[in-house]
Amino acid sequence: MPGFREEIAKVISLSLKERLKQDEVLALLESPPSAEMGDIAFPCFKLAALFKKSPAEIAKHLSQDVKLPASVEKAEAAGPYLNFFLQKESIAKQAISRILKEGASYGKLKANGKRVMVEYSAPNTNKPLHLGHLRNDSIGMAVCKLLEAAGCKVIKANLVNDRGIHICKSMLAYRLFGKGKTPARAGLKPDHFVGKYYVLYNKKAAEKPELEMQAYEMLTLWEAKDRKTIALWKKMNEWVLKGFKETYKNFGSSFDHWFFESEFYDRAKPLVELGKQKGFFSVNDEGALLARLENYGLPDKTVSRADGTSIYITNDLALTRHKFEHFMLDESIWVVGSEQNLYFKQLFKIFELLGFAWAGKCRHLSYGMVFLPSGKLKSREGIVVDADNIIAEVNCLASKEVLKRHKKIKKTELSNRARAVGLAAIKFYMLKTAAQKDLHFRPRESISFEGETGPYIQYTYARAKSILRKAKKTSLQNLLFTQLQSDEAKNLIKLLAQFPEAVQKSADSLSPHILCQLLIETAEAFNTFYHRHPVMQAESVELKKERLALVQATAQVLKNGLALLNIEAIERM
RNA sequence: GGACCCGUAGCCUAGCGGAUAGGGCACUUCCCUCCUAAGGAAGGGGUCGUGGGUUCGAUUCCCACCGGGUCCGCCA
């Protein structure tokens with residue numbers, strides 16, 4: 001069902017003899033700076049070169065030539081812009097009935113057959129998930145949902161970094177100082193229990209440098225599949241994974257596939273051979289194997305150690321090939337922090353040089369670092385903001401807020417609402433700014449429930465739902481929208497109509513913040529409308545119904561939007 | 001030394017070649033006999049890091065510089 005924006009794009013496209021396609025026109029539409037100038041603006045700058053006329057001339061020509069749809073009252077050229085004045089009844093009818101009809105699928109595009117894998121979270125099994133993972137998971141989940149809405153078949157993947165020297169460090173500390181304790185006996189969440197030994201290792205290693213040697217010996221034993229070492233590794237990894245799964249469940253992260261580095265790190269031999277054959281993998285003076293990338297403006301990358309043991313990239317070489325071949329992917333996306341920008345450039349260049357057809361289908365979704373007031377997160381020193389603690393802390397804050405408003409609320413209801421509100425605060429905070437920007441996390445200020453926040457949008461939704469509950473089962477069929485005349489209603493409708501385009505844009509550019517921005521604007525517009533125009537006390541029955549329909553449509557859009565950000569819309573707050 | 005990212009009001013942030021630079025926090029002043037005040041209305045606060053250049057037009061593109069960050073490991 002086309003909306004009025006599509007209609008406008010269509011008539012412009014037709015008038016331009018389709019030199020610009022409807023979708024291209026649609027993407028160019030913007031809002032004039034003030035309402036007096038119109039509701040939708042079409043800038044003509046891009047057409048100047050195409051038609052060899054000034055933008056103003058083109059706008060003028062279009063204003064006379066364009067065949068206006070019913071949703072448009074008039075179109076005026078204003079310098080280089082063509083401004084459209086919308087017909088209130090028509091757009092209300094069109095947009096609201098479309099949203100009510102499509103319901104939960106409003107904003108979703110039809111399937112495009114593209115298979116995309118999104119790898120995110122990627123924890124290390126030597127320590128619990130921290131603040132950085134919360135940003136990673138928030139972005140990862142939102143991008144998965146956005147791509148799904150855009151019509152892709154999405155496979156959510158988690159790569160568990162479960163081998164390597166860092167894992168051996170917590171293992172060594174446990175063997176030396178653990179005295180056979182278990183998480184249960186220590187009364188700790190199992191991933192926190194293991195993390196304690198990683199911190200302990202680093203503390204002890206500062207005094208006893210020989211520990212480093214011992215950790216490396218342990219890695220060699222592990223690679224040689226030494227029974228006792230493997231047994232310890234398995235035990236500790238099980239503990240950690242059990243803890244992770246609990247955190248993921250709490251936070252709402254989910255995965256279709258779990259990959260383990262331990263299963264892929266030694267499967268890169270054929271690729272290493274291929275690289276040698278192609279002549280750009282070669283051994284250096286110390287005996288390590290390097291991918292020679294200096295001709296491509298990149299530093300060389302070590303592919304395997306002199307003693308033949310594997311390093312991190314070995315795993316990615318084998319795993320990526322497996323991903324594309326086994327899952328028949330059209331695209332593979334890695335959600336990984338910006339500190340690995342160079343690493344991914346090198347990795348992708350190696351795929352290209354190895355000659356894989358899918359080399360160009362790899363995307364690194366890079367996001368900025370999360371800093372604390374004291375500096376960067378440093379898990380080695382135990383300076384972390386632990387994910388579980390943050391979730392619990394925000395939950396507690398939310399709980400207090402709910403309790404302030406509802407003194408006699410039932411316990412289960414209180415905890416459900418607090419959980420939803422707390423998570424919304426964290427996730428929206430992580431998503432509302434462009435991913436590449438660094439984030440400075442100040443626990444007290446960062447996660448607020450007022451202003452541009454997840455809870456603000458949830459609150460707006462809850463207010464809308466509260467009205468709808470009061471209205472009971474008023475029929476909203478066959479409304480004419482002749483009464484819904486206010487500017488506030490019109491503004492709101494215009495924003496609701498932009499939702500599908502915002503979803504598309506967010507998905508295409510892997511930028512959840514674009515959708516966040518629209519949801520904020522929509523919530524603001526609704527709250528303005530809410531204050532100016534009482535719904536249940538409307539002057540006439542017809543007006544009341546029309547307002548109710550608008551409230552219903554707004555609630556639907558907010559709910560759909562939040563869902564794409566992996567945030568729950570709650571009925572009452 | 002080299003590469004990349006970020007500098008927009010006290011703080012956070014959108015816009016990234018075009019119409020008066022949008023928001024939020026904090027601050028000032030109003031609004032709960034009225035559908036949830038986690039809200040709304042109004043107000044003050046900006047040389048869009050600095051200096052050049054390209055352009056009819058630059059917060060947006062290019063160059064230099066200055067701040068801040070990251071990476072350049074036989075760590076992951």
# chains A, B, ... in the order shown; residues from 1 in each chain; ligands from 1
>>> select_by_dssp(residues="segment 317-386 of chain A", states="strand (DSSP E)", output="ChimeraX atom specification")
/A:331-337,362-367,370-372,375-376
>>> write_last_selection(atoms="C-alpha atoms", output="PDB file, in the first residue's frame")
ATOM      1  CA  GLU A 331      27.096 -10.958   2.977  1.00  0.00           C
ATOM      2  CA  SER A 332      28.947 -11.309   6.250  1.00  0.00           C
ATOM      3  CA  ILE A 333      29.012  -8.566   8.871  1.00  0.00           C
ATOM      4  CA  TRP A 334      31.301  -8.333  11.885  1.00  0.00           C
ATOM      5  CA  VAL A 335      30.217  -6.107  14.756  1.00  0.00           C
ATOM      6  CA  VAL A 336      33.582  -5.351  16.318  1.00  0.00           C
ATOM      7  CA  GLY A 337      35.095  -2.291  18.019  1.00  0.00           C
ATOM      8  CA  CYS A 362      32.585  -8.701   4.008  1.00  0.00           C
ATOM      9  CA  ARG A 363      31.678  -5.691   6.134  1.00  0.00           C
ATOM     10  CA  HIS A 364      33.153  -4.575   9.412  1.00  0.00           C
ATOM     11  CA  LEU A 365      30.561  -2.702  11.445  1.00  0.00           C
ATOM     12  CA  SER A 366      32.974  -0.714  13.540  1.00  0.00           C
ATOM     13  CA  TYR A 367      31.865   1.087  16.658  1.00  0.00           C
ATOM     14  CA  VAL A 370      33.339   2.837  25.585  1.00  0.00           C
ATOM     15  CA  PHE A 371      35.313   4.826  28.122  1.00  0.00           C
ATOM     16  CA  LEU A 372      34.874   5.180  31.817  1.00  0.00           C
ATOM     17  CA  GLY A 375      39.761   5.754  31.182  1.00  0.00           C
ATOM     18  CA  LYS A 376      39.372   2.766  28.920  1.00  0.00           C
TER      19      LYS A 376
END
>>> closest_atom_pairs(of="segment 315-433 of chain A", to="segment 252-257 of chain A", cutoff="12 Å", atoms="only C-alpha atoms", output="tab-separated table")
residue	atom	partner	partner_atom	distance
A:Lys323	CA	A:His257	CA	10.5
A:Phe327	CA	A:His257	CA	10.7
A:Ile391	CA	A:Gly252	CA	11.4
A:Arg419	CA	A:Gly252	CA	11.0
A:Ala420	CA	A:Gly252	CA	10.4
A:Leu423	CA	A:Gly252	CA	8.8
A:Ala424	CA	A:Gly252	CA	10.8
A:Ile426	CA	A:Gly252	CA	11.8
A:Lys427	CA	A:Gly252	CA	10.2
>>> residues_around(residues="C61 of chain B", least_positions_apart="5", cutoff="10 Å", atoms="only C-alpha atoms (C1' of nucleotides)", output="PyMOL selection string")
chain B and resi 16-17+54-55
>>> interface_residues(of="chain A", to="chain B", cutoff="6 Å", atoms="only C-alpha atoms (C1' of nucleotides)", output="list of chain:residue names")
A:Arg305, A:Glu339, A:Phe449, A:Glu450, A:Gly451, A:Glu452, A:Ile467
>>> select_by_dssp(residues="segment 433-502 of chain A", states="helix (DSSP H, G or I)", output="number ranges by chain")
A: 443-446, 454-470, 487-502
>>> residues_around(residues="segment 297-303 of chain A", least_positions_apart="2", cutoff="12 Å", atoms="only C-alpha atoms (C1' of nucleotides)", output="ChimeraX atom specification")
/A:265-266,268-269,271-273,275-276,280-284,286-295,305-318,341-350 /B:2-4,71-74
>>> atom_distance(atom1="atom CA of Ala59 of chain A", atom2="atom CA of Ala77 of chain A")
5.3 Å
>>> residues_around(residues="G67 of chain B", least_positions_apart="3", cutoff="12 Å", atoms="only C-alpha atoms (C1' of nucleotides)", output="VMD selection string")
chain B and resid 6 to 7 49 to 50
>>> write_last_selection(atoms="C-alpha atoms (C1' of nucleotides)", output="PDB file, in the first residue's frame")
ATOM      1  C1'   C B   6      36.479  12.090  16.510  1.00  0.00           C
ATOM      2  C1'   G B   7      36.344  17.820  17.590  1.00  0.00           C
ATOM      3  C1'   G B  49      38.568  23.252  16.758  1.00  0.00           C
ATOM      4  C1'   U B  50      41.985  27.031  13.837  1.00  0.00           C
TER       5        U B  50
END
>>> closest_residue(among="A:Leu354, A:Leu439, A:Val143, A:Leu496", to="Ser511 of chain A", atoms="only C-alpha atoms")
A:Val143
>>> residues_around(residues="Gln504 of chain A", least_positions_apart="3", cutoff="9 Å", atoms="only C-alpha atoms (C1' of nucleotides)", output="list in words")
Gly107, Lys108, Leu109, Leu146, Leu147, Ala149, Ala150, Phe499, Pro500, Glu501, Ala507, Asp508 and Ser509 of chain A
>>> atom_distance(atom1="atom CA of Glu76 of chain A", atom2="atom CA of Glu89 of chain A")
19.8 Å
>>> closest_residue(among="A:Leu329, A:Leu86, A:Ala206, A:Leu131", to="Gly38 of chain A", atoms="only C-alpha atoms")
A:Leu86
>>> atom_distance(atom1="atom CA of Phe351 of chain A", atom2="atom CA of Gln436 of chain A")
24.4 Å
>>> residues_around(residues="Leu28 of chain A", least_positions_apart="2", cutoff="9 Å", atoms="only C-alpha atoms (C1' of nucleotides)", output="ChimeraX atom specification")
/A:23-26,30,41-43
>>> write_last_selection(atoms="C-alpha atoms", output="PDB file, in the first residue's frame")
ATOM      1  CA  ASP A  23      12.846   5.489  -4.939  1.00  0.00           C
ATOM      2  CA  GLU A  24      15.582   7.978  -5.727  1.00  0.00           C
ATOM      3  CA  VAL A  25      13.123  10.844  -5.440  1.00  0.00           C
ATOM      4  CA  LEU A  26      11.767   9.392  -2.205  1.00  0.00           C
ATOM      5  CA  GLU A  30      13.043  16.434   3.170  1.00  0.00           C
ATOM      6  CA  ALA A  41      10.271  19.598   0.221  1.00  0.00           C
ATOM      7  CA  PHE A  42      11.911  18.277  -2.889  1.00  0.00           C
ATOM      8  CA  PRO A  43      15.322  19.880  -3.473  1.00  0.00           C
TER       9      PRO A  43
END
